[in-house]
$ cat model.cif   # mmCIF, C-alpha atoms
data_model
#
loop_
_atom_site.label_atom_id
_atom_site.label_comp_id
_atom_site.auth_asym_id
_atom_site.auth_seq_id
_atom_site.Cartn_x
_atom_site.Cartn_y
_atom_site.Cartn_z
CA MET G 1 -12.04 7.75 45.01
CA ARG G 2 -10.41 4.44 44.86
CA ARG G 3 -12.13 1.91 42.73
CA PHE G 4 -11.17 -1.65 42.69
CA ILE G 5 -10.43 -3.56 39.63
CA ARG G 6 -12.67 -6.56 39.68
CA GLY G 7 -12.35 -8.05 36.36
CA VAL G 8 -9.78 -8.22 33.76
CA GLY G 9 -10.35 -9.17 30.24
CA ALA G 10 -7.45 -10.83 28.75
CA ALA G 11 -6.60 -8.68 25.91
CA VAL G 12 -6.68 -11.36 23.46
CA GLY G 13 -5.30 -10.66 20.17
CA ALA G 14 -5.10 -7.00 20.37
CA ALA G 15 -6.10 -5.85 23.63
CA ALA G 16 -5.25 -2.36 23.50
CA PHE G 17 -5.57 0.22 25.93
CA VAL G 18 -6.27 3.55 24.65
CA GLY G 19 -4.12 6.34 24.37
CA VAL G 20 -0.89 6.65 26.09
CA ALA G 21 1.69 4.09 27.04
CA ALA G 22 2.82 5.35 30.40
CA THR G 23 6.51 5.84 30.74
CA THR G 24 6.75 6.71 34.42
CA ALA G 25 5.80 4.67 37.46
CA TYR G 26 2.60 5.62 39.21
CA ALA G 27 2.70 5.50 42.94
CA GLY G 28 -1.04 5.38 43.47
CA PRO G 29 -3.54 2.66 44.33
CA PRO G 30 -3.06 -0.67 42.61
CA ALA G 31 -5.07 -1.87 39.66
CA ASN G 32 -7.08 -4.84 40.88
CA VAL G 33 -7.90 -7.50 38.36
CA THR G 34 -10.62 -10.05 38.77
CA VAL G 35 -12.12 -12.57 36.42
CA GLY G 36 -15.74 -13.34 37.01
CA GLY G 37 -15.30 -12.32 40.58
CA ALA G 38 -12.17 -14.37 41.19
CA THR G 39 -9.38 -12.31 42.70
CA THR G 40 -6.61 -14.81 42.15
CA GLY G 41 -5.54 -17.47 39.72
CA SER G 42 -4.90 -17.77 36.04
CA HIS G 43 -7.94 -17.87 33.79
CA ALA G 44 -7.91 -18.89 30.13
CA ILE G 45 -9.35 -16.32 27.79
CA SER G 46 -10.31 -16.39 24.13
CA GLY G 47 -11.23 -13.67 21.74
CA HIS G 48 -12.40 -13.18 18.18
CA THR G 49 -12.60 -10.06 16.08
CA THR G 50 -15.85 -8.24 15.56
CA GLY G 51 -14.76 -7.07 12.12
CA ALA G 52 -11.77 -6.72 9.85
CA ILE G 53 -8.22 -6.12 11.00
CA SER G 54 -6.15 -3.48 9.23
CA PHE G 55 -2.41 -3.89 9.03
CA ASN G 56 0.17 -1.55 7.59
CA ALA G 57 3.90 -2.02 7.16
CA GLY G 58 6.09 0.48 5.40
CA GLY G 59 4.36 1.49 2.19
CA VAL G 60 2.04 -1.48 2.11
CA ALA G 61 -1.49 -1.77 3.42
CA MET G 62 -2.96 -5.14 4.24
CA SER G 63 -6.08 -6.40 5.90
CA CYS G 64 -7.50 -9.55 7.36
CA THR G 65 -11.16 -10.45 7.48
CA SER G 66 -11.00 -11.89 10.97
CA GLY G 67 -8.76 -13.08 13.76
CA THR G 68 -8.72 -14.95 17.04
CA ALA G 69 -6.52 -15.01 20.06
CA THR G 70 -5.98 -17.19 23.09
CA GLY G 71 -4.25 -16.54 26.35
CA SER G 72 -4.80 -16.13 30.01
CA VAL G 73 -5.34 -13.44 32.56
CA THR G 74 -4.01 -13.59 36.09
CA ALA G 75 -6.32 -12.07 38.64
CA GLY G 76 -4.61 -10.03 41.26
CA SER G 77 -3.45 -6.62 42.30
CA TYR G 78 -1.00 -4.73 40.12
CA THR G 79 0.92 -1.59 40.75
CA PRO G 80 0.37 0.89 37.98
CA TYR G 81 1.48 2.20 35.49
CA PRO G 82 2.36 0.53 33.30
CA THR G 83 1.55 -2.61 35.18
CA PRO G 84 3.46 -5.80 34.65
CA ASN G 85 1.67 -8.24 32.40
CA VAL G 86 -1.86 -8.76 33.68
CA ALA G 87 -2.52 -11.14 30.84
CA THR G 88 -0.56 -13.02 28.23
CA ILE G 89 -1.47 -13.99 24.69
CA THR G 90 0.06 -17.22 23.57
CA GLY G 91 -1.60 -17.64 20.19
CA THR G 92 -3.32 -15.63 17.50
CA THR G 93 -4.82 -16.54 14.16
CA TRP G 94 -5.31 -14.23 11.23
CA SER G 95 -7.74 -15.18 8.47
CA GLY G 96 -8.44 -13.84 5.01
CA CYS G 97 -5.35 -11.66 4.92
CA VAL G 98 -4.51 -9.91 1.67
CA GLY G 99 -1.85 -7.44 0.68
CA PRO G 100 -1.56 -5.14 -2.33
CA LEU G 101 -3.18 -6.32 -5.51
CA GLY G 102 -5.11 -8.86 -3.48
CA ILE G 103 -2.07 -11.01 -2.87
CA PRO G 104 -2.90 -13.50 -0.08
CA MET G 105 -0.76 -13.16 3.01
CA ASN G 106 -0.20 -15.39 6.02
CA VAL G 107 0.50 -14.16 9.54
CA ALA G 108 2.18 -16.47 12.06
CA HIS G 109 2.16 -15.65 15.77
CA SER G 110 5.42 -15.97 17.64
CA GLY G 111 6.18 -16.02 21.34
CA THR G 112 4.11 -14.80 24.24
CA TRP G 113 2.67 -11.32 24.09
CA GLY G 114 1.92 -9.38 27.26
CA LEU G 115 -1.00 -7.15 28.16
CA GLN G 116 -0.40 -4.25 30.50
CA ILE G 117 -2.63 -1.55 31.93
CA THR G 118 -1.25 1.92 31.33
CA GLY G 119 -3.74 4.26 32.88
CA ASN G 120 -6.88 4.86 34.85
CA GLU G 121 -10.24 3.65 33.69
CA SER G 122 -12.52 6.29 32.25
CA GLY G 123 -16.13 5.24 32.30
CA THR G 124 -15.90 1.61 31.22
CA VAL G 125 -12.74 2.02 29.13
CA THR G 126 -9.23 1.30 30.39
CA PRO G 127 -6.08 2.20 28.47
CA GLY G 128 -3.27 -0.24 28.03
CA ARG G 129 -0.77 -1.78 25.70
CA LEU G 130 0.21 -5.06 24.17
CA VAL G 131 3.93 -5.73 24.49
CA ASN G 132 6.45 -8.23 23.17
CA ILE G 133 4.47 -8.63 19.96
CA SER G 134 6.21 -10.84 17.44
CA ALA G 135 4.90 -12.28 14.20
CA THR G 136 6.02 -13.31 10.74
CA VAL G 137 4.11 -12.19 7.66
CA THR G 138 4.56 -14.16 4.45
CA SER G 139 2.96 -13.99 1.06
CA ALA G 140 1.08 -17.11 0.05
CA THR G 141 3.08 -16.96 -3.18
CA PRO G 142 6.59 -18.05 -2.20
CA GLY G 143 9.25 -15.42 -2.61
CA LEU G 144 7.06 -12.36 -3.14
CA CYS G 145 7.26 -10.91 0.33
CA SER G 146 8.01 -11.90 3.89
CA PHE G 147 9.04 -10.06 7.00
CA LYS G 148 8.99 -10.13 10.77
CA VAL G 149 7.27 -7.53 12.89
CA ALA G 150 7.85 -6.85 16.57
CA GLY G 151 7.08 -4.23 19.17
CA THR G 152 4.23 -2.69 21.14
CA VAL G 153 0.78 -1.41 20.31
CA ASN G 154 -1.75 0.63 22.26
CA GLY G 155 -5.45 0.19 22.68
CA SER G 156 -8.31 -0.07 25.13
CA PHE G 157 -10.55 -2.47 26.93
CA ASN G 158 -14.22 -1.66 27.31
CA ASP G 159 -15.59 -3.67 30.20
CA ALA G 160 -19.21 -2.70 29.78
CA THR G 161 -21.19 -5.79 30.69
CA SER G 162 -22.69 -7.77 27.85
CA THR G 163 -26.39 -8.47 27.93
CA GLY G 164 -25.94 -12.10 27.00
CA ALA G 165 -23.46 -14.76 26.13
CA HIS G 166 -21.41 -14.07 23.05
CA THR G 167 -22.98 -10.75 22.33
CA HIS G 168 -20.84 -7.89 21.30
CA ASN G 169 -22.29 -5.21 23.47
CA GLY G 170 -19.23 -5.04 25.67
CA GLN G 171 -16.08 -6.79 26.77
CA LEU G 172 -14.28 -5.39 23.75
CA LEU G 173 -10.55 -5.16 23.33
CA SER G 174 -9.55 -2.65 20.70
CA VAL G 175 -6.13 -2.11 19.17
CA VAL G 176 -5.35 1.24 17.63
CA THR G 177 -2.64 2.38 15.26
CA ALA G 178 -1.64 5.45 17.26
CA GLY G 179 1.52 5.01 19.27
CA SER G 180 2.52 1.73 17.67
CA THR G 181 6.21 0.90 17.95
CA LEU G 182 6.04 -2.12 15.70
CA THR G 183 9.03 -2.33 13.40
CA VAL G 184 9.88 -4.59 10.52
CA SER G 185 12.91 -6.84 10.12
CA ASN G 186 14.15 -9.81 8.11
CA VAL G 187 12.51 -8.51 4.96
CA VAL G 188 12.68 -10.72 1.89
CA GLY G 189 11.24 -9.33 -1.34
CA CYS G 190 8.29 -6.96 -0.84
CA PHE G 191 9.28 -4.86 -3.88
CA ASN G 192 11.32 -2.39 -1.85
CA LEU G 193 8.12 -1.16 -0.22
CA ILE G 194 8.77 -2.59 3.24
CA PRO G 195 12.38 -1.84 4.13
CA ASN G 196 14.01 -3.23 7.25
CA GLY G 197 13.31 -0.90 10.15
CA ALA G 198 10.07 0.43 8.67
CA SER G 199 7.22 1.16 11.04
CA ALA G 200 4.13 -1.01 11.17
CA ASN G 201 0.78 -0.95 12.91
CA PHE G 202 -2.46 -2.83 13.08
CA ALA G 203 -5.95 -2.16 14.35
CA GLY G 204 -8.91 -4.30 15.26
CA THR G 205 -11.49 -5.04 17.90
CA TYR G 206 -11.84 -8.34 19.73
CA HIS G 207 -14.73 -9.70 21.73
CA VAL G 208 -13.41 -11.49 24.77
CA THR G 209 -14.86 -14.51 26.51
CA LYS G 210 -13.64 -16.76 29.29
CA THR G 211 -12.44 -19.94 27.72
CA ASP G 212 -12.82 -22.56 30.38
CA ASN G 213 -16.56 -22.51 30.41
CA ASN G 214 -17.08 -20.78 27.08
CA THR G 215 -19.31 -18.12 28.47
CA GLU G 216 -18.88 -14.47 29.00
CA TRP G 217 -17.90 -13.22 32.39
CA PRO G 218 -18.16 -9.64 33.36
CA ILE G 219 -14.67 -8.38 33.01
CA LYS G 220 -14.27 -5.27 35.05
CA ILE G 221 -11.26 -3.14 35.43
CA THR G 222 -11.26 -0.50 38.10
CA THR G 223 -8.36 1.74 38.88
CA MET K 1 16.29 -20.15 -19.68
CA LYS K 2 13.74 -18.88 -17.28
CA ILE K 3 11.13 -21.30 -16.10
CA LEU K 4 7.61 -19.94 -15.91
CA ARG K 5 5.32 -21.12 -13.14
CA THR K 6 1.75 -20.06 -12.68
CA LEU K 7 0.07 -19.78 -9.30
CA ALA K 8 -3.59 -19.26 -8.61
CA VAL K 9 -4.49 -16.28 -6.52
CA ALA K 10 -6.95 -17.28 -3.85
CA GLY K 11 -10.38 -15.98 -4.60
CA ALA K 12 -9.55 -14.94 -8.11
CA ALA K 13 -9.25 -16.58 -11.42
CA ALA K 14 -6.20 -14.59 -12.40
CA ALA K 15 -2.96 -16.46 -12.49
CA LEU K 16 0.26 -15.10 -11.12
CA ALA K 17 2.95 -15.47 -13.72
CA PHE K 18 6.37 -15.16 -12.26
CA MET K 19 9.91 -15.93 -13.23
CA PRO K 20 12.62 -16.60 -10.69
CA THR K 21 15.50 -14.29 -11.54
CA ALA K 22 17.77 -14.67 -8.56
CA ALA K 23 17.79 -16.25 -5.16
CA ASN K 24 14.51 -15.24 -3.44
CA ALA K 25 13.56 -12.90 -6.32
CA VAL K 26 10.19 -13.29 -7.97
CA THR K 27 8.80 -11.37 -10.92
CA LEU K 28 5.19 -10.26 -10.62
CA ASN K 29 3.29 -9.25 -13.75
CA VAL K 30 1.00 -6.32 -13.04
CA GLU K 31 -1.24 -4.14 -15.21
CA TYR K 32 -2.64 -0.69 -14.65
CA ASP K 33 -5.04 1.54 -16.52
CA ALA K 34 -3.36 4.76 -17.62
CA THR K 35 -4.55 7.97 -19.17
CA GLY K 36 -3.60 11.61 -19.03
CA TRP K 37 -2.31 14.63 -20.88
CA SER K 38 0.88 15.88 -22.40
CA HIS K 39 1.55 19.54 -22.97
CA ILE K 40 3.88 20.36 -25.85
CA ASN K 41 5.71 23.43 -24.70
CA THR K 42 7.04 24.59 -28.07
CA THR K 43 3.65 24.64 -29.75
CA ASP K 44 1.66 25.36 -26.58
CA SER K 45 -0.66 22.52 -27.46
CA ASP K 46 -2.03 19.58 -25.56
CA LEU K 47 -2.18 15.91 -26.39
CA TRP K 48 -4.71 13.61 -24.80
CA ILE K 49 -3.06 10.38 -23.68
CA LYS K 50 -5.94 8.10 -24.48
CA PRO K 51 -6.73 5.28 -22.04
CA THR K 52 -4.19 2.55 -22.33
CA THR K 53 -2.72 -0.30 -20.32
CA LEU K 54 0.58 -0.04 -18.51
CA SER K 55 1.99 -3.55 -18.22
CA LEU K 56 4.88 -4.15 -15.85
CA ALA K 57 7.06 -7.02 -14.74
CA MET K 58 8.04 -6.12 -11.17
CA GLU K 59 10.95 -7.68 -9.30
CA SER K 60 10.15 -8.57 -5.71
CA ASP K 61 13.71 -8.20 -4.42
CA ASP K 62 14.33 -4.58 -5.38
CA GLY K 63 11.15 -3.06 -6.76
CA THR K 64 12.54 -2.54 -10.27
CA PHE K 65 10.32 -3.10 -13.25
CA THR K 66 10.21 -3.20 -17.02
CA GLY K 67 7.17 -2.97 -19.18
CA HIS K 68 5.20 -1.41 -21.96
CA MET K 69 2.69 1.34 -22.35
CA PRO K 70 1.39 1.56 -25.91
CA LEU K 71 0.07 5.01 -26.77
CA GLN K 72 -2.66 5.60 -29.32
CA PRO K 73 -2.24 8.34 -31.89
CA ALA K 74 -3.33 11.73 -30.64
CA ASP K 75 -4.39 14.80 -32.55
CA THR K 76 -2.79 18.13 -31.89
CA LYS K 77 -3.26 21.61 -33.26
CA PHE K 78 -1.30 24.80 -32.92
CA HIS K 79 -0.53 27.97 -34.87
CA LEU K 80 2.45 28.55 -37.10
CA LEU K 81 3.90 32.07 -36.89
CA GLY K 82 1.14 32.84 -34.48
CA PHE K 83 -1.69 32.72 -36.98
CA LEU K 84 -1.45 29.84 -39.41
CA PRO K 85 -3.37 26.85 -38.02
CA VAL K 86 -1.60 23.52 -38.08
CA LYS K 87 -3.15 20.16 -37.30
CA ALA K 88 -1.31 16.89 -37.04
CA GLN K 89 -1.66 13.40 -35.77
CA VAL K 90 1.03 12.47 -33.28
CA ASN K 91 2.02 8.83 -33.20
CA PHE K 92 4.11 7.24 -30.46
CA ILE K 93 6.34 4.38 -31.55
CA GLU K 94 7.91 2.51 -28.66
CA ALA K 95 11.69 2.71 -28.91
CA ALA K 96 12.50 0.87 -25.69
CA PRO K 97 10.56 -0.75 -22.86
CA VAL K 98 9.40 1.29 -19.93
CA THR K 99 11.88 0.87 -17.10
CA GLY K 100 11.88 2.06 -13.51
CA SER K 101 11.51 1.23 -9.88
CA ILE K 102 9.32 1.73 -6.85
CA ALA K 103 10.53 2.30 -3.34
CA TYR K 104 9.22 3.35 0.07
CA VAL K 105 11.06 6.57 0.83
CA ASP K 106 10.41 9.02 3.66
CA GLY K 107 6.96 7.64 4.34
CA ALA K 108 5.74 7.46 0.75
CA ASN K 109 5.87 5.05 -2.16
CA LYS K 110 7.80 6.66 -5.01
CA VAL K 111 7.82 5.50 -8.59
CA THR K 112 10.65 6.50 -10.88
CA SER K 113 10.29 5.48 -14.51
CA THR K 114 11.29 6.29 -18.07
CA ALA K 115 9.48 5.65 -21.32
CA SER K 116 11.02 6.03 -24.76
CA TYR K 117 9.16 6.69 -28.00
CA TYR K 118 9.84 7.97 -31.49
CA ILE K 119 7.32 10.71 -32.23
CA ARG K 120 5.98 10.43 -35.75
CA LEU K 121 3.81 13.06 -37.35
CA SER K 122 1.15 12.25 -39.91
CA ASP K 123 -1.96 13.77 -41.48
CA VAL K 124 -0.46 17.22 -41.22
CA LEU K 125 -2.65 20.14 -42.32
CA ILE K 126 -1.22 23.62 -42.60
CA GLY K 127 -3.76 26.35 -43.04
CA GLY K 128 -6.32 23.64 -43.72
CA LEU K 129 -4.32 22.19 -46.60
CA PRO K 130 -2.61 18.81 -46.52
CA ALA K 131 1.11 19.06 -46.08
CA PHE K 132 2.86 15.99 -47.35
CA VAL K 133 5.22 14.63 -44.74
CA GLY K 134 5.49 11.04 -45.88
CA ASN K 135 5.06 7.93 -43.80
CA ASN K 136 8.19 8.22 -41.74
CA CYS K 137 8.27 11.78 -40.50
CA ARG K 138 9.60 11.18 -37.04
CA THR K 139 12.17 12.27 -34.50
CA LYS K 140 15.73 11.30 -35.34
CA VAL K 141 16.22 9.91 -31.88
CA PRO K 142 13.67 8.62 -29.38
CA VAL K 143 12.04 11.01 -26.98
CA THR K 144 12.83 10.01 -23.43
CA ILE K 145 9.87 10.70 -21.17
CA PRO K 146 10.29 10.46 -17.40
CA ALA K 147 7.20 9.56 -15.38
CA ASN K 148 7.66 9.87 -11.65
CA THR K 149 5.55 10.20 -8.53
CA PRO K 150 5.23 13.92 -7.81
CA ALA K 151 6.69 15.38 -4.67
CA GLY K 152 4.28 15.14 -1.79
CA GLU K 153 2.37 12.21 -3.27
CA SER K 154 2.54 8.46 -2.82
CA PHE K 155 1.89 5.68 -5.31
CA ASP K 156 -0.49 3.01 -4.11
CA VAL K 157 0.45 -0.35 -5.60
CA THR K 158 -3.20 -1.36 -5.81
CA ASN K 159 -4.95 1.91 -6.62
CA GLY K 160 -2.15 3.65 -8.52
CA GLY K 161 -1.40 7.36 -8.54
CA ARG K 162 -0.07 10.21 -10.67
CA LEU K 163 3.12 10.05 -12.68
CA VAL K 164 4.56 13.25 -14.10
CA GLY K 165 7.63 14.31 -16.03
CA GLU K 166 9.22 16.84 -18.33
CA TYR K 167 10.81 15.95 -21.63
CA THR K 168 12.55 17.31 -24.71
CA ILE K 169 11.53 16.72 -28.31
CA GLY K 170 14.41 16.47 -30.73
CA ALA K 171 14.68 17.20 -34.42
CA PHE K 172 12.53 15.46 -37.02
CA GLN K 173 13.66 13.75 -40.17
CA ASN K 174 12.12 12.31 -43.33
CA CYS K 175 9.32 14.87 -43.42
CA GLY K 176 9.98 15.90 -47.02
CA LEU K 177 9.68 19.58 -47.76
CA GLN K 178 8.12 20.13 -44.33
CA THR K 179 11.20 18.94 -42.45
CA PHE K 180 12.78 22.35 -42.16
CA ILE K 181 9.64 24.19 -41.05
CA LEU K 182 8.66 21.49 -38.59
CA ASN K 183 12.10 21.59 -37.02
CA GLN K 184 11.72 25.32 -36.46
CA ILE K 185 8.52 24.79 -34.51
CA VAL K 186 8.22 21.50 -32.73
CA PRO K 187 11.58 20.49 -31.21
CA GLY K 188 12.47 21.94 -27.84
CA HIS K 189 12.49 21.60 -24.09
CA GLY K 190 9.83 21.85 -21.44
CA SER K 191 7.09 19.56 -22.64
CA THR K 192 5.30 17.77 -19.83
CA ILE K 193 3.33 14.63 -19.20
CA ASP K 194 0.77 14.00 -16.45
CA LEU K 195 -0.51 10.45 -16.20
CA ASN K 196 -3.20 8.99 -13.95
CA VAL K 197 -2.45 5.34 -13.29
CA SER K 198 -5.16 3.26 -11.63
CA ASN K 199 -6.76 -0.12 -11.14
CA GLY K 200 -3.70 -2.21 -10.41
CA ARG K 201 -4.20 -5.90 -11.01
CA ILE K 202 -2.14 -8.99 -11.41
CA SER K 203 -2.11 -9.80 -15.08
CA VAL K 204 -3.49 -13.11 -16.22
CA GLY K 205 -0.66 -15.40 -17.14
#
$ encode --input "model.cif" --output "structure tokens"
Amino acid sequence: MRRFIRGVGAAVGAAAFVGVAATTAYAGPPANVTVGGATTGSHAISGHTTGAISFNAGGVAMSCTSGTATGSVTAGSYTPYPTPNVATITGTTWSGCVGPLGIPMNVAHSGTWGLQITGNESGTVTPGRLVNISATVTSATPGLCSFKVAGTVNGSFNDATSTGAHTHNGQLLSVVTAGSTLTVSNVVGCFNLIPNGASANFAGTYHVTKTDNNTEWPIKITT
Amino acid sequence: MKILRTLAVAGAAAALAFMPTAANAVTLNVEYDATGWSHINTTDSDLWIKPTTLSLAMESDDGTFTGHMPLQPADTKFHLLGFLPVKAQVNFIEAAPVTGSIAYVDGANKVTSTASYYIRLSDVLIGGLPAFVGNNCRTKVPVTIPANTPAGESFDVTNGGRLVGEYTIGAFQNCGLQTFILNQIVPGHGSTIDLNVSNGRISVG
């Protein structure tokens, strides 16, 4: 049965759609995206993590205590899968990041990241991926370690409706480590533990809200 | 002359002491707790590596390091000719700094390192009776002890890991009348070391 996508949460920060990044075009019904009922237009979206973010690059594990993201989602009808960008993320912040031995690290967002739907919704969860990720990671101590990371990550969006504004019962974008294609480049330092070309991944969960009126809107994805 | 600068680590009182050694290279001083065992193959006896501190100066550009790991004297016992009990205190005198490197290889962090000590014997008892060996009964040349991440394991820079190696003990000298008999028993190949390194921390500068 065809279900219509009526809401799309901008995968802010790490919107991930679970599971599999589709590699072949799907010639089925479109994925319809709405934001608070709107079927067209661009809608600003913000998100903040519900917990810590884990980040791994080469032989180094890092974590951040929290993060935010900003972007926009464009309501409309998209041909799956993977869809073109249904949302874009233009900025992320990463707070309380530490690397090995508690060394403080800084993460700087770069470019515009895209959010794509990669599969059918199951229950209230839709799989997807975050593409065109680009960021620079630098140790707070100059010269210890810095590198760039770029690629794609997978995750999911749970569009279960929240019971109130700014609650965390639903509207959750989750990034997972499985299927990450993030790779490292421009490495300086890092004690030979993060070589150029090494794989990287990160994981975290973001609570998404609609920015322009700072309230939650039911973000529904139907496929 | 190297210029030392100290940086404060956010959220901690420890200071990062580093020395710039080349363009973009920074030296990070790190300490670990270390303890373990060494098995002396020739005497089939074990030495407890008492808890100590492994101090390293790590280079950010290539993962190489130098450092020190002082070892406390350890007691050992074995049997001479299969029946005569021998006890001795084994002292480790650092002959050269610990050197090595760490690298991310095939999905794991691998440490390769070498330590070098003269082994000096003291308080030797043979058959329960003191055997005078003097104050300088030690190996003619330093014993080179490799300590590497075992196959299939990975060294965590923060939490540490195991380091193992096999080494050879050479001939002793300056042991008085015991020199000959000791050199028939102790020197040889196949001794092993198994260290547990843990609790990595930036050393206070």
$ closest_residue --input "model.cif" --among "G:Gly41, G:Gly204, G:Pro100, G:Gly91" --to "Thr158 in chain K" --atoms "all atoms listed in the file"
G:Pro100
$ closest_residue --input "model.cif" --among "G:Pro30, G:Lys210, G:Val153, G:Gly99" --to "Ser46 in chain G" --atoms "only C-alpha atoms"
G:Lys210
$ closest_residue --input "model.cif" --among "K:Arg120, K:Arg138, K:Lys87, K:Arg201" --to "chain G" --atoms "all atoms listed in the file"
K:Arg201
$ resolve_selection --input "model.cif" --expression "the PyMOL selection byres ((chain G and resi 65-72) around 9)" --output "PyMOL selection string"
chain G and resi 9-14+42-54+63-64+73-74+86-98+112-113+204+206+210-211
$ atom_distance --input "model.cif" --atom1 "CA of Phe55 in chain G" --atom2 "CA of Ile221 in chain G"
27.9 Å
$ resolve_selection --input "model.cif" --expression "the PyMOL selection byres ((chain G) within 8 of (chain K))" --output "list in words"
Gly58, Gly59, Val60, Pro100, Leu101, Ile103, Pro104, Thr141, Gly143, Leu144, Cys145, Val188, Gly189, Cys190, Phe191, Asn192, Leu193, Ile194 and Pro195 of chain G
$ residues_around --input "model.cif" --residues "range 195-198 of chain K" --least-positions-apart "3" --cutoff "7 Å" --atoms "all atoms listed in the file" --output "list in words"
Tyr32, Asp33, Ala34, Thr35, Gly36, Trp37, Asn159, Gly160, Gly161, Arg162, Leu163 and Val164 of chain K
$ resolve_selection --input "model.cif" --expression "the PyMOL selection byres ((chain K and resi 71-78) around 9)" --output "list in words"
Thr43, Asp44, Ser45, Asp46, Leu47, Trp48, Ile49, Lys50, Pro51, Thr52, Thr53, Met69, Pro70, His79, Leu80, Gly82, Phe83, Leu84, Pro85, Val86, Lys87, Ala88, Gln89, Val90, Asn91, Phe92, Ile93 and Glu94 of chain K
$ atom_distance --input "model.cif" --atom1 "CA of Ala95 in chain K" --atom2 "CA of Ala151 in chain K"
27.8 Å
$ atom_distance --input "model.cif" --atom1 "CA of Ser134 in chain G" --atom2 "CA of Phe157 in chain G"
21.0 Å
$ residues_around --input "model.cif" --residues "range 172-176 of chain K" --least-positions-apart "5" --cutoff "12 Å" --atoms "all atoms listed in the file" --output "PDB file with C-alpha atoms, keeping the file's coordinate frame"
ATOM      1  CA  TYR K 118       9.840   7.970 -31.490  1.00  0.00           C
ATOM      2  CA  ILE K 119       7.320  10.710 -32.230  1.00  0.00           C
ATOM      3  CA  ARG K 120       5.980  10.430 -35.750  1.00  0.00           C
ATOM      4  CA  LEU K 121       3.810  13.060 -37.350  1.00  0.00           C
ATOM      5  CA  SER K 122       1.150  12.250 -39.910  1.00  0.00           C
ATOM      6  CA  ASP K 123      -1.960  13.770 -41.480  1.00  0.00           C
ATOM      7  CA  VAL K 124      -0.460  17.220 -41.220  1.00  0.00           C
ATOM      8  CA  ALA K 131       1.110  19.060 -46.080  1.00  0.00           C
ATOM      9  CA  PHE K 132       2.860  15.990 -47.350  1.00  0.00           C
ATOM     10  CA  VAL K 133       5.220  14.630 -44.740  1.00  0.00           C
ATOM     11  CA  GLY K 134       5.490  11.040 -45.880  1.00  0.00           C
ATOM     12  CA  ASN K 135       5.060   7.930 -43.800  1.00  0.00           C
ATOM     13  CA  ASN K 136       8.190   8.220 -41.740  1.00  0.00           C
ATOM     14  CA  CYS K 137       8.270  11.780 -40.500  1.00  0.00           C
ATOM     15  CA  ARG K 138       9.600  11.180 -37.040  1.00  0.00           C
ATOM     16  CA  THR K 139      12.170  12.270 -34.500  1.00  0.00           C
ATOM     17  CA  LYS K 140      15.730  11.300 -35.340  1.00  0.00           C
ATOM     18  CA  VAL K 141      16.220   9.910 -31.880  1.00  0.00           C
ATOM     19  CA  PRO K 142      13.670   8.620 -29.380  1.00  0.00           C
ATOM     20  CA  VAL K 143      12.040  11.010 -26.980  1.00  0.00           C
ATOM     21  CA  ILE K 181       9.640  24.190 -41.050  1.00  0.00           C
ATOM     22  CA  LEU K 182       8.660  21.490 -38.590  1.00  0.00           C
ATOM     23  CA  ASN K 183      12.100  21.590 -37.020  1.00  0.00           C
ATOM     24  CA  GLN K 184      11.720  25.320 -36.460  1.00  0.00           C
ATOM     25  CA  ILE K 185       8.520  24.790 -34.510  1.00  0.00           C
ATOM     26  CA  VAL K 186       8.220  21.500 -32.730  1.00  0.00           C
ATOM     27  CA  PRO K 187      11.580  20.490 -31.210  1.00  0.00           C
ATOM     28  CA  GLY K 188      12.470  21.940 -27.840  1.00  0.00           C
TER      29      GLY K 188
END
$ closest_residue --input "model.cif" --among "G:Gly179, G:Gly102, G:Gly151, G:Gly76" --to "Gly114 in chain G" --atoms "all atoms listed in the file"
G:Gly151
$ closest_residue --input "model.cif" --among "G:Ser174, G:Ser199, G:Ser139, G:Thr183" --to "Pro127 in chain G" --atoms "only C-alpha atoms"
G:Ser174
$ closest_residue --input "model.cif" --among "G:Lys148, G:Ala108, G:Val125, G:Gln116" --to "Gly197 in chain G" --atoms "only C-alpha atoms"
G:Lys148
$ residues_near_point --input "model.cif" --point "(1.4, -19.4, 7.7)" --cutoff "9 Å" --atoms "only C-alpha atoms" --output "short mmCIF file (atom, residue, chain, number, x, y, z; two decimals) with C-alpha atoms, in the coordinates of the input"
data_model
loop_
_atom_site.label_atom_id
_atom_site.label_comp_id
_atom_site.auth_asym_id
_atom_site.auth_seq_id
_atom_site.Cartn_x
_atom_site.Cartn_y
_atom_site.Cartn_z
CA MET G 105 -0.76 -13.16 3.01
CA ASN G 106 -0.20 -15.39 6.02
CA VAL G 107 0.50 -14.16 9.54
CA ALA G 108 2.18 -16.47 12.06
CA HIS G 109 2.16 -15.65 15.77
CA THR G 136 6.02 -13.31 10.74
CA VAL G 137 4.11 -12.19 7.66
CA THR G 138 4.56 -14.16 4.45
CA SER G 139 2.96 -13.99 1.06
CA ALA G 140 1.08 -17.11 0.05
#
